[in-house]
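Below is one structure, written out as structure tokens, with a few remarks after it.
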Amino acid sequence: MENKLNAKNSGVPLTRRDFIKTTAAAAAYLASGNFAYGFAAAETIRVGLIGCGGRGTGAAKDCVESSASIEIVALGDVFADRVTQCKENLRKSIGDHFKATDDRCFVGFDAYKNVLASDIDLVILATPPGFRPIHLQAAIEAGKHVFMEKPVAVDPAGVRAVIASADLAKQKSLAIVAGTQRRHQLGYLEAMKRIHAGAIGDIVSAQVYWNQGGLWMHARQPGWTDMEWQLRNWLYFTWLSGDHIVEQHIHNIDVANWALQAHPVKAVGVGGRQVRVDPAYGHIFDHFALEFEYPNGARVLSMCRQIDGTATRVNEYLIGTKGTADPSSWIKAAKPWRLEVETPPNPYVQEHTDLIASIRKGQPLNEGRQVAESTLSAIMGREAAYTGQAITWEEILNADLDITPKNFSFGPMPVPPVAVPGVTKLSRTA
Ligand SMILES: NC(=O)c1ccc[n+]([C@@H]2O[C@H](COP(=O)([O-])OP(=O)(O)OC[C@H]3O[C@@H](n4cnc5c(N)ncnc54)[C@H](O)[C@@H]3O)[C@@H](O)[C@H]2O)c1
């Protein structure tokens with residue numbers, strides 16, 4: 001069903017909110033300015049969640065906490081146990097805001113279709129990113145506003161689909177906000193404002209890092225098909241996660257793109273699988289080091305690692321002709337600056353505050369293209385390391401690289417080989 005918050009564009013039967021617009025009594029109400037497409041600012045926004053894991057459950061809570069009159073009304077996940085856990089968690093944590101009755105809790109690969117058909121206004125997409133392009137397209141076609149977790153694709157074919165959906169969302173006045181929460185974090189926002197006004201001059205170089213230890217892994221259980229094993233360990237399969245440079249380091253690469261107000265034009269680099277070599281960890285790399293080149297000639301060193309016992313570093317550092325900055329909190333330049341707010345707003349909540357406010361105002365935010373470009377930047381880095389070649393933006397944007405399965409079912413699912421620089425080709429299907 002078309003989103004009621006945009007029913008004026010849809011041709012679907014009138015809702016109560018549309019009816020208000022058609023009555024004389026509505027005139028005073030409309031004159032109050034307290035509406036979006038004629039809807040009261042306090043009118044309930046009905047939210048569905050697709051992907052009921054850690055972040056999806058967290059995002060549902062954050063959405064409820066962000067704004068008045070939010071209800072979580074439908075859940076969907078490929079696994080029943082994840083829906084059950086999420087339901088129990090949300091019942092406790094958000095109380096009356098949880099309204100997903102059992103007939104609106106769906107399981108399986110088609111659960112997303114049922115959630116979208118559950119009379120919702122907004123959907124949270126929080127599955128592994130391999131499914132995002134498909135789910136986003138379905139959500140926008142169904143006329144839903146979207147909050148979607150990063151990254152938003154794992155291959156160029158997926159990125160192209162996301163850009164097309166973002167363009168369609170714009171035409172349909174639908175909001176898309178992405179889980180690149182630094183874009184809604186006070187320190188970054190204040191620093192970027194100053195940097196873009198010239199506080200550190202022209203950015204000539206930057207370093208961005210996500211170096212840490214290993215993450216969770218679920219040992220294969222008897223009875224699990226290949227597909228179930230891979231889905232439950234999605235981090236370790238490129239078709240599901242994009243590899244950790246895309247899944248995790250995208251946050252820092254996105255900050256570089258934001259600071260430089262551009263996407264990189266070329267990537268060269270190295271990577272490998274040196275420590276996390278057990279097949280239980282699929283086929284992804286455990287470290288990458290890249291150089292991204294930007295249109296103004298700036299070079300960005302990007303480094304990410306998931307190896308236990310190694311030093312942690314997760315941040316960004318910018319070097320300009322007139323100063324330097326950690327864009328989360330400080331600038332060193334002729335006019336220095338430091339964030340001096342003791343408890344800044346939680347960016348995971350703020351991103352929903354901004355999303356909901358934009359919907360209610362009738363000025364929907366659309367971060368679709370921005371996050372698609374940051375996702376593609378990370379994919380470009382991954383492919384430079386996987387193939388051992390310099391990869392340009394045009395090459396990656398147009399690459400015949402589509403690693404997403406054509407059908408999803410619980411059965412055999414061979415694991416692709418670990419990429420080998422000098423051997424692995426950019427054009428491939430696994
Ligand atoms: N913004 C952030 O800081 C942040 C933090 C953590 C995770 N994330 C992102 O959130 C997303 C989810 O990560 P997570 O940590 O919640 O993982 P998770 O494994 O806890 O949850 C993923 C859920 O999606 C379900 N799922 C898988 N395939 C599905 C499908 N086809 N249809 C419906 N459900 C499906 C899984 O069963 C699981 O319940 C990822 O894209 C991840 O990168 C973002």
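Naming works like this for the structure tokens: A, B, ... for the chains as they're shown, residue 1 at the start of each chain, ligands 1 onward in shown order.
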**Report entry** Selection near His196 in chain A, 9 Å with only C-alpha atoms, sequence-local residues under 5 positions removed, as a ChimeraX atom specification
**Finding:** /A:191,201,259-261
**Report entry** In range 96-340 of chain A, DSSP strand (DSSP E or B) residues written as an MDAnalysis selection string
**Finding:** chainID A and resid 98 105:107 122:125 145:148 176:178 203:212 266:272 287:293 299:306 313:320 323:326 330:333 337:338
How close does each residue of range 99-141 of chain A get to range 402-415 of chain A, giving the shortest atom pair and distance in Å to one decimal for every residue with an atom at most 10 Å away, counting only C-alpha atoms, sorted by chain and residue number, as a Markdown table?
| residue | atom | partner | partner_atom | distance |
| --- | --- | --- | --- | --- |
| A:Gly108 | CA | A:Ser409 | CA | 9.4 |
| A:Phe109 | CA | A:Phe408 | CA | 7.1 |
| A:Asp110 | CA | A:Phe408 | CA | 9.8 |
| A:Gly130 | CA | A:Thr404 | CA | 6.9 |
| A:Phe131 | CA | A:Thr404 | CA | 8.4 |
Query - Nearby residues (only C-alpha atoms) at most 8 Å from Ala378 in chain A, same-chain spacing under 4 positions excluded, as a count of residues only - result: 7
Query - Given 6 Å and only C-alpha atoms and all ligand atoms, residues near ligand 1 as number ranges by chain - result: A: 50-56, 76-79, 82, 109, 126-129, 131, 149-151, 179-180, 231, 247
Sorted by chain and rising residue number, list the residues of range 326-421 of chain A at most 7 Å from range 163-177 of chain A (counting only C-alpha atoms), each with its closest atom pair and distance in Å to one decimal, as CSV.
residue,atom,partner,partner_atom,distance
A:Leu355,CA,A:Val177,CA,6.2
A:Ile359,CA,A:Ala175,CA,6.6
A:Pro364,CA,A:Ala175,CA,4.4
A:Leu365,CA,A:Ala175,CA,5.0
A:Asn366,CA,A:Ile176,CA,4.6
A:Glu367,CA,A:Val177,CA,5.3
A:Gly368,CA,A:Ala166,CA,4.9
A:Arg369,CA,A:Ile163,CA,5.4
A:Ala372,CA,A:Ile163,CA,6.5
Kindly export the residues of the current selection with C-alpha atoms, as a CSV table (one decimal), in the first residue's frame.
chain,number,residue,atom,x,y,z
A,355,LEU,CA,14.4,11.6,9.6
A,359,ILE,CA,8.8,13.5,7.1
A,364,PRO,CA,12.0,14.5,3.2
A,365,LEU,CA,15.7,14.0,3.7
A,366,ASN,CA,17.2,11.8,1.0
A,367,GLU,CA,20.7,10.4,1.8
A,368,GLY,CA,20.4,7.6,-0.7
A,369,ARG,CA,22.9,8.8,-3.3
A,372,ALA,CA,25.5,4.8,-2.2
Report task. Give the answer as one residue: which of A:Ala139, A:Val420, A:Leu401, A:Val300 has the shortest atom-to-atom distance to Arg160 in chain A, using only C-alpha atoms? Result ->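 When distances to Arg160 in chain A are compared using only C-alpha atoms, the smallest one comes from A:Leu401.
Compared by their closest atoms to Asp308 in chain A, and using only C-alpha atoms, the residues A:Asn233, A:Gln212, A:Thr225, A:Ser377 rank with A:Gln212 nearest.
For the set A:Lys266, A:His218, A:His184, A:His97, the residue with the smallest atom-to-atom gap to Asn296 in chain A is A:Lys266, counting only C-alpha atoms.
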Report task. Record the distance separating CA of Trp330 in chain A and CA of Arg305 in chain A, expressed in Å with one decimal. Result ->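 According to the coordinates, CA of Trp330 in chain A and CA of Arg305 in chain A are separated by 25.2 Å.
Between Ala178 in chain A and the residues A:Glu351, A:Asp103, A:Asp202, A:Asp243, the shortest atom-to-atom distance, using only C-alpha atoms, involves A:Glu351.
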